[in-house]
file start_27.cif (mmCIF, C-alpha atoms and all ligand atoms)
data_my_file
loop_
_atom_site.label_atom_id
_atom_site.label_comp_id
_atom_site.auth_asym_id
_atom_site.auth_seq_id
_atom_site.Cartn_x
_atom_site.Cartn_y
_atom_site.Cartn_z
CA MET H 14 0.00 0.00 0.00
CA PHE H 15 1.26 3.47 -0.84
CA LYS H 16 1.95 6.30 1.60
CA VAL H 17 0.46 9.78 1.55
CA ALA H 18 2.32 12.92 2.64
CA ILE H 19 0.14 15.52 4.34
CA GLY H 20 0.91 19.15 5.08
CA SER H 21 -0.76 22.42 5.97
CA ASP H 22 -0.31 25.89 7.35
CA HIS H 23 -2.08 27.01 10.55
CA ALA H 24 -5.36 27.69 8.69
CA GLY H 25 -5.32 24.25 7.14
CA TYR H 26 -4.19 22.52 10.32
CA PRO H 27 -7.68 21.59 11.63
CA LEU H 28 -8.56 19.99 8.29
CA LYS H 29 -5.20 18.25 8.07
CA GLU H 30 -5.92 16.71 11.46
CA LYS H 31 -9.32 15.47 10.23
CA ILE H 32 -7.67 13.97 7.16
CA ARG H 33 -4.93 12.42 9.27
CA ALA H 34 -7.58 10.71 11.41
CA TYR H 35 -9.47 9.66 8.27
CA LEU H 36 -6.38 8.08 6.72
CA GLU H 37 -5.63 6.32 9.99
CA GLN H 38 -9.18 4.96 10.11
CA LYS H 39 -8.80 3.67 6.54
CA GLY H 40 -5.43 2.07 7.30
CA ILE H 41 -3.59 4.34 4.86
CA GLU H 42 -0.06 5.17 5.96
CA TYR H 43 0.90 8.83 5.98
CA ILE H 44 3.86 11.11 6.59
CA ASP H 45 2.84 14.24 8.47
CA CYS H 46 4.98 17.15 7.26
CA GLY H 47 3.35 19.66 9.65
CA ALA H 48 2.26 22.22 10.66
CA PHE H 49 1.59 20.78 14.07
CA SER H 50 -0.44 23.58 15.69
CA LEU H 51 -2.68 26.58 15.07
CA GLU H 52 0.27 28.94 15.49
CA SER H 53 0.60 31.23 12.49
CA CYS H 54 3.04 29.91 9.89
CA ASP H 55 3.77 30.09 6.17
CA TYR H 56 2.13 27.70 3.70
CA ALA H 57 5.04 27.66 1.20
CA VAL H 58 7.31 25.99 3.78
CA TYR H 59 4.90 23.10 4.31
CA ALA H 60 4.11 22.84 0.63
CA LYS H 61 7.82 22.34 -0.08
CA LYS H 62 8.29 19.75 2.68
CA THR H 63 5.32 17.76 1.41
CA CYS H 64 6.38 17.99 -2.25
CA GLU H 65 9.81 16.63 -1.32
CA LYS H 66 8.21 13.48 0.11
CA VAL H 67 6.31 12.93 -3.14
CA LEU H 68 9.30 13.61 -5.38
CA SER H 69 11.55 11.30 -3.37
CA GLY H 70 9.00 8.51 -3.76
CA GLU H 71 8.53 8.15 0.01
CA ALA H 72 4.93 9.09 -0.64
CA LYS H 73 2.92 8.42 -3.79
CA PHE H 74 0.58 11.37 -3.23
CA GLY H 75 0.42 14.54 -1.17
CA ILE H 76 -2.51 16.30 0.45
CA LEU H 77 -2.09 19.97 1.33
CA CYS H 78 -4.45 22.23 3.26
CA CYS H 79 -4.47 25.98 3.78
CA GLY H 80 -7.33 28.42 4.30
CA THR H 81 -8.42 28.50 0.66
CA GLY H 82 -6.21 25.77 -0.79
CA VAL H 83 -4.95 28.43 -3.18
CA GLY H 84 -1.70 29.69 -1.64
CA ILE H 85 -0.44 26.21 -0.85
CA SER H 86 -1.31 24.97 -4.36
CA ILE H 87 0.49 27.90 -6.00
CA ALA H 88 3.56 27.14 -3.88
CA ALA H 89 3.43 23.39 -4.60
CA ASN H 90 3.10 23.97 -8.34
CA LYS H 91 6.42 25.88 -8.31
CA VAL H 92 8.17 22.60 -7.52
CA ALA H 93 9.22 20.77 -10.69
CA GLY H 94 7.47 17.44 -11.02
CA ILE H 95 4.53 18.45 -8.87
CA ARG H 96 1.04 18.73 -10.27
CA ALA H 97 -1.08 20.09 -7.43
CA ALA H 98 -4.82 20.50 -7.87
CA ASN H 99 -6.91 22.68 -5.59
CA CYS H 100 -10.30 20.96 -5.56
CA GLY H 101 -13.58 21.80 -3.91
CA ASP H 102 -15.78 19.40 -5.87
CA TYR H 103 -15.88 15.67 -6.56
CA PHE H 104 -15.65 15.92 -10.36
CA SER H 105 -12.44 17.96 -10.27
CA ALA H 106 -10.80 15.69 -7.70
CA LYS H 107 -11.58 12.67 -9.90
CA TYR H 108 -10.65 14.19 -13.25
CA THR H 109 -7.42 15.75 -12.06
CA ARG H 110 -6.24 12.19 -11.47
CA LEU H 111 -7.74 10.81 -14.70
CA HIS H 112 -6.51 13.57 -17.01
CA ASN H 113 -3.75 15.54 -15.24
CA ASP H 114 -2.17 12.70 -13.23
CA ALA H 115 -2.13 15.18 -10.33
CA ASN H 116 0.12 14.03 -7.50
CA ILE H 117 -1.04 16.49 -4.86
CA LEU H 118 -4.57 17.33 -3.77
CA CYS H 119 -5.02 20.78 -2.20
CA LEU H 120 -8.00 21.62 -0.02
CA GLY H 121 -9.35 24.86 1.43
CA ALA H 122 -10.10 24.36 5.10
CA ARG H 123 -12.10 27.60 5.24
CA VAL H 124 -14.00 26.76 2.07
CA ILE H 125 -15.22 23.17 2.26
CA GLY H 126 -16.50 20.98 5.08
CA ASP H 127 -14.66 18.04 6.56
CA GLY H 128 -17.07 15.51 5.07
CA LEU H 129 -16.60 16.71 1.51
CA ALA H 130 -12.84 16.95 2.07
CA CYS H 131 -12.70 13.27 3.03
CA GLU H 132 -14.78 12.32 -0.03
CA LEU H 133 -12.34 14.27 -2.21
CA VAL H 134 -9.41 12.49 -0.57
CA ASP H 135 -11.11 9.15 -1.23
CA VAL H 136 -11.73 9.71 -4.93
CA PHE H 137 -8.32 11.33 -5.49
CA LEU H 138 -6.44 8.43 -3.91
CA SER H 139 -8.49 5.73 -5.61
CA THR H 140 -8.57 7.06 -9.18
CA ASN H 141 -5.83 6.05 -11.61
CA PHE H 142 -4.44 8.20 -14.39
CA GLU H 143 -6.32 7.37 -17.57
CA GLY H 144 -3.19 7.55 -19.73
CA GLY H 145 -3.55 7.88 -23.48
CA GLU H 146 -1.62 9.91 -26.01
CA ARG H 147 -3.45 13.21 -25.55
CA HIS H 148 -3.14 13.35 -21.77
CA ILE H 149 0.48 12.20 -21.83
CA ARG H 150 1.25 14.86 -24.46
CA ARG H 151 -0.35 17.61 -22.35
CA ILE H 152 1.46 16.55 -19.18
CA SER H 153 4.73 16.44 -21.15
CA GLN H 154 4.05 20.04 -22.16
CA ILE H 155 3.75 21.00 -18.48
CA THR H 156 7.14 19.35 -17.89
CA ALA H 157 8.50 21.26 -20.91
CA ILE H 158 7.38 24.53 -19.31
CA GLU H 159 9.25 23.57 -16.13
CA LYS H 160 12.39 22.98 -18.17
CA GLY H 161 12.01 26.20 -20.17
CA ASP H 162 11.45 24.20 -23.35
CA LEU H 163 7.98 25.56 -24.06
C1 LIG E 1 -3.76 32.21 6.08
O1 LIG E 1 -4.41 33.23 6.75
C2 LIG E 1 -4.28 32.11 4.66
O2 LIG E 1 -3.95 33.25 3.94
C3 LIG E 1 -3.72 30.88 3.99
O3 LIG E 1 -4.05 29.76 4.73
C4 LIG E 1 -4.23 30.59 2.59
O4 LIG E 1 -5.62 30.66 2.53
C5 LIG E 1 -3.59 31.31 1.50
O5 LIG E 1 -3.85 31.09 0.31
#

call {"tool": "encode", "arguments": {"input": "start_27.cif", "output": "structure tokens"}}
result
Amino acid sequence: MFKVAIGSDHAGYPLKEKIRAYLEQKGIEYIDCGAFSLESCDYAVYAKKTCEKVLSGEAKFGILCCGTGVGISIAANKVAGIRAANCGDYFSAKYTRLHNDANILCLGARVIGDGLACELVDVFLSTNFEGGERHIRRISQITAIEKGDL
């Protein structure tokens, strides 16, 4: 079974804790990259720590939470090799795996409820990349942007 790296800032911390408990309940192993309290902190730091776990292969996926899911997704998407999707609906969480092969799910703790967040985690972790020439080509273009080739 794969591992999941989880991370948040202070605003995302309560949701990260819910997700941590949810993963534990489902028997999914996780690496908690912090934050570990409600004390004010900076989302980019925790985005980077979590991305590193995914890029190293220690974790197959990452889940990041901040207030909106936006700041932490912007930060994560600056890391080459990371495709972070900020999702607040089931369809996006499913299709970002099917079409974008997203490796990090971002969630807005001040935007969505805990129940929906857990549903999004479920579908994200259980949906495989669809593959196929057109999706692979588009993802390769994202990689080309990272390398300055597009
Ligand atoms: C923190 O107050 C908040 O700005 C942060 O969690 C996030 O929502 C930023 O995008």

call {"tool": "residues_near_ligand", "arguments": {"input": "start_27.cif", "ligand": "ligand LIG 1 (chain E)", "cutoff": "8 Å", "atoms": "all atoms listed in the file", "output": "PyMOL selection string"}}
result
chain H and resi 22-25+53+55-56+78-85+121+123

call {"tool": "atom_distance", "arguments": {"input": "start_27.cif", "atom1": "CA of Gly126 in chain H", "atom2": "CA of Phe104 in chain H"}}
result
16.3 Å

call {"tool": "closest_residue", "arguments": {"input": "start_27.cif", "among": "H:Ile32, H:Ala72, H:Ala97, H:Ile87", "to": "Lys16 in chain H", "atoms": "only C-alpha atoms"}}
result
H:Ala72

call {"tool": "closest_residue", "arguments": {"input": "start_27.cif", "among": "H:Lys61, H:Ala18, H:Ile149, H:Ser50", "to": "Lys91 in chain H", "atoms": "only C-alpha atoms"}}
result
H:Lys61

call {"tool": "axis_aligned_box", "arguments": {"input": "start_27.cif", "around": "range 153-161 of chain H", "padding_each_side": "4 Å", "output": "lines of an AutoDock Vina configuration file"}}
result
center_x = 8.1
center_y = 21.3
center_z = -19.1
size_x = 16.6
size_y = 17.8
size_z = 14.0

call {"tool": "residues_around", "arguments": {"input": "start_27.cif", "residues": "Phe74 in chain H", "least_positions_apart": "6", "cutoff": "7 Å", "atoms": "only C-alpha atoms", "output": "list of chain:residue names"}}
result
H:Val17, H:Ala18, H:Val67, H:Asn116, H:Ile117

call {"tool": "write_last_selection", "arguments": {"input": "start_27.cif", "atoms": "C-alpha atoms", "output": "tab-separated table (two decimals), keeping the file's coordinate frame"}}
result
chain	number	residue	atom	x	y	z
H	17	VAL	CA	0.46	9.78	1.55
H	18	ALA	CA	2.32	12.92	2.64
H	67	VAL	CA	6.31	12.93	-3.14
H	116	ASN	CA	0.12	14.03	-7.50
H	117	ILE	CA	-1.04	16.49	-4.86

call {"tool": "closest_residue", "arguments": {"input": "start_27.cif", "among": "H:Asn99, H:Lys160, H:Met14, H:Lys73", "to": "Ala122 in chain H", "atoms": "only C-alpha atoms"}}
result
H:Asn99

call {"tool": "atom_distance", "arguments": {"input": "start_27.cif", "atom1": "CA of Lys62 in chain H", "atom2": "CA of Ser21 in chain H"}}
result
10.0 Å

call {"tool": "closest_residue", "arguments": {"input": "start_27.cif", "among": "H:Leu138, H:Leu77, H:Ala93, H:Ile155", "to": "Leu111 in chain H", "atoms": "all atoms listed in the file"}}
result
H:Leu138

call {"tool": "closest_residue", "arguments": {"input": "start_27.cif", "among": "H:Thr109, H:Leu120, H:Arg150, H:Glu159", "to": "Val136 in chain H", "atoms": "all atoms listed in the file"}}
result
H:Thr109

call {"tool": "closest_residue", "arguments": {"input": "start_27.cif", "among": "H:Tyr26, H:Gly70, H:Leu36, H:Gly75", "to": "Cys54 in chain H", "atoms": "only C-alpha atoms"}}
result
H:Tyr26

call {"tool": "atom_distance", "arguments": {"input": "start_27.cif", "atom1": "CA of Ala34 in chain H", "atom2": "CA of Glu143 in chain H"}}
result
29.2 Å

call {"tool": "residues_around", "arguments": {"input": "start_27.cif", "residues": "range 128-135 of chain H", "least_positions_apart": "4", "cutoff": "8 Å", "atoms": "only C-alpha atoms", "output": "JSON, numbers by chain"}}
result
{"H": [32, 35, 76, 100, 101, 102, 103, 106, 107, 118, 120, 139]}

call {"tool": "residues_around", "arguments": {"input": "start_27.cif", "residues": "Asp114 in chain H", "least_positions_apart": "4", "cutoff": "8 Å", "atoms": "all atoms listed in the file", "output": "PyMOL selection string"}}
result
chain H and resi 96+109-110+141-142+152

call {"tool": "write_last_selection", "arguments": {"input": "start_27.cif", "atoms": "C-alpha atoms", "output": "CSV table (one decimal), keeping the file's coordinate frame"}}
result
chain,number,residue,atom,x,y,z
H,96,ARG,CA,1.0,18.7,-10.3
H,109,THR,CA,-7.4,15.8,-12.1
H,110,ARG,CA,-6.2,12.2,-11.5
H,141,ASN,CA,-5.8,6.0,-11.6
H,142,PHE,CA,-4.4,8.2,-14.4
H,152,ILE,CA,1.5,16.6,-19.2

call {"tool": "decode", "arguments": {"input": "start_27.cif", "residues": "range 19-101 of chain H", "atoms": "C-alpha atoms", "output": "compact mmCIF listing (two decimals), in the first residue's frame"}}
result
# COMPACT_ATOMS: atom_id res chain seq x y z
CA ILE H 19 0.14 15.52 4.34
CA GLY H 20 0.91 19.15 5.08
CA SER H 21 -0.76 22.42 5.97
CA ASP H 22 -0.31 25.89 7.35
CA HIS H 23 -2.08 27.01 10.55
CA ALA H 24 -5.36 27.69 8.69
CA GLY H 25 -5.32 24.25 7.14
CA TYR H 26 -4.19 22.52 10.32
CA PRO H 27 -7.68 21.59 11.63
CA LEU H 28 -8.56 19.99 8.29
CA LYS H 29 -5.20 18.25 8.07
CA GLU H 30 -5.92 16.71 11.46
CA LYS H 31 -9.32 15.47 10.23
CA ILE H 32 -7.67 13.97 7.16
CA ARG H 33 -4.93 12.42 9.27
CA ALA H 34 -7.58 10.71 11.41
CA TYR H 35 -9.47 9.66 8.27
CA LEU H 36 -6.38 8.08 6.72
CA GLU H 37 -5.63 6.32 9.99
CA GLN H 38 -9.18 4.96 10.11
CA LYS H 39 -8.80 3.67 6.54
CA GLY H 40 -5.43 2.07 7.30
CA ILE H 41 -3.59 4.34 4.86
CA GLU H 42 -0.06 5.17 5.96
CA TYR H 43 0.90 8.83 5.98
CA ILE H 44 3.86 11.11 6.59
CA ASP H 45 2.84 14.24 8.47
CA CYS H 46 4.98 17.15 7.26
CA GLY H 47 3.35 19.66 9.65
CA ALA H 48 2.26 22.22 10.66
CA PHE H 49 1.59 20.78 14.07
CA SER H 50 -0.44 23.58 15.69
CA LEU H 51 -2.68 26.58 15.07
CA GLU H 52 0.27 28.94 15.49
CA SER H 53 0.60 31.23 12.49
CA CYS H 54 3.04 29.91 9.89
CA ASP H 55 3.77 30.09 6.17
CA TYR H 56 2.13 27.70 3.70
CA ALA H 57 5.04 27.66 1.20
CA VAL H 58 7.31 25.99 3.78
CA TYR H 59 4.90 23.10 4.31
CA ALA H 60 4.11 22.84 0.63
CA LYS H 61 7.82 22.34 -0.08
CA LYS H 62 8.29 19.75 2.68
CA THR H 63 5.32 17.76 1.41
CA CYS H 64 6.38 17.99 -2.25
CA GLU H 65 9.81 16.63 -1.32
CA LYS H 66 8.21 13.48 0.11
CA VAL H 67 6.31 12.93 -3.14
CA LEU H 68 9.30 13.61 -5.38
CA SER H 69 11.55 11.30 -3.37
CA GLY H 70 9.00 8.51 -3.76
CA GLU H 71 8.53 8.15 0.01
CA ALA H 72 4.93 9.09 -0.64
CA LYS H 73 2.92 8.42 -3.79
CA PHE H 74 0.58 11.37 -3.23
CA GLY H 75 0.42 14.54 -1.17
CA ILE H 76 -2.51 16.30 0.45
CA LEU H 77 -2.09 19.97 1.33
CA CYS H 78 -4.45 22.23 3.26
CA CYS H 79 -4.47 25.98 3.78
CA GLY H 80 -7.33 28.42 4.30
CA THR H 81 -8.42 28.50 0.66
CA GLY H 82 -6.21 25.77 -0.79
CA VAL H 83 -4.95 28.43 -3.18
CA GLY H 84 -1.70 29.69 -1.64
CA ILE H 85 -0.44 26.21 -0.85
CA SER H 86 -1.31 24.97 -4.36
CA ILE H 87 0.49 27.90 -6.00
CA ALA H 88 3.56 27.14 -3.88
CA ALA H 89 3.43 23.39 -4.60
CA ASN H 90 3.10 23.97 -8.34
CA LYS H 91 6.42 25.88 -8.31
CA VAL H 92 8.17 22.60 -7.52
CA ALA H 93 9.22 20.77 -10.69
CA GLY H 94 7.47 17.44 -11.02
CA ILE H 95 4.53 18.45 -8.87
CA ARG H 96 1.04 18.73 -10.27
CA ALA H 97 -1.08 20.09 -7.43
CA ALA H 98 -4.82 20.50 -7.87
CA ASN H 99 -6.91 22.68 -5.59
CA CYS H 100 -10.30 20.96 -5.56
CA GLY H 101 -13.58 21.80 -3.91
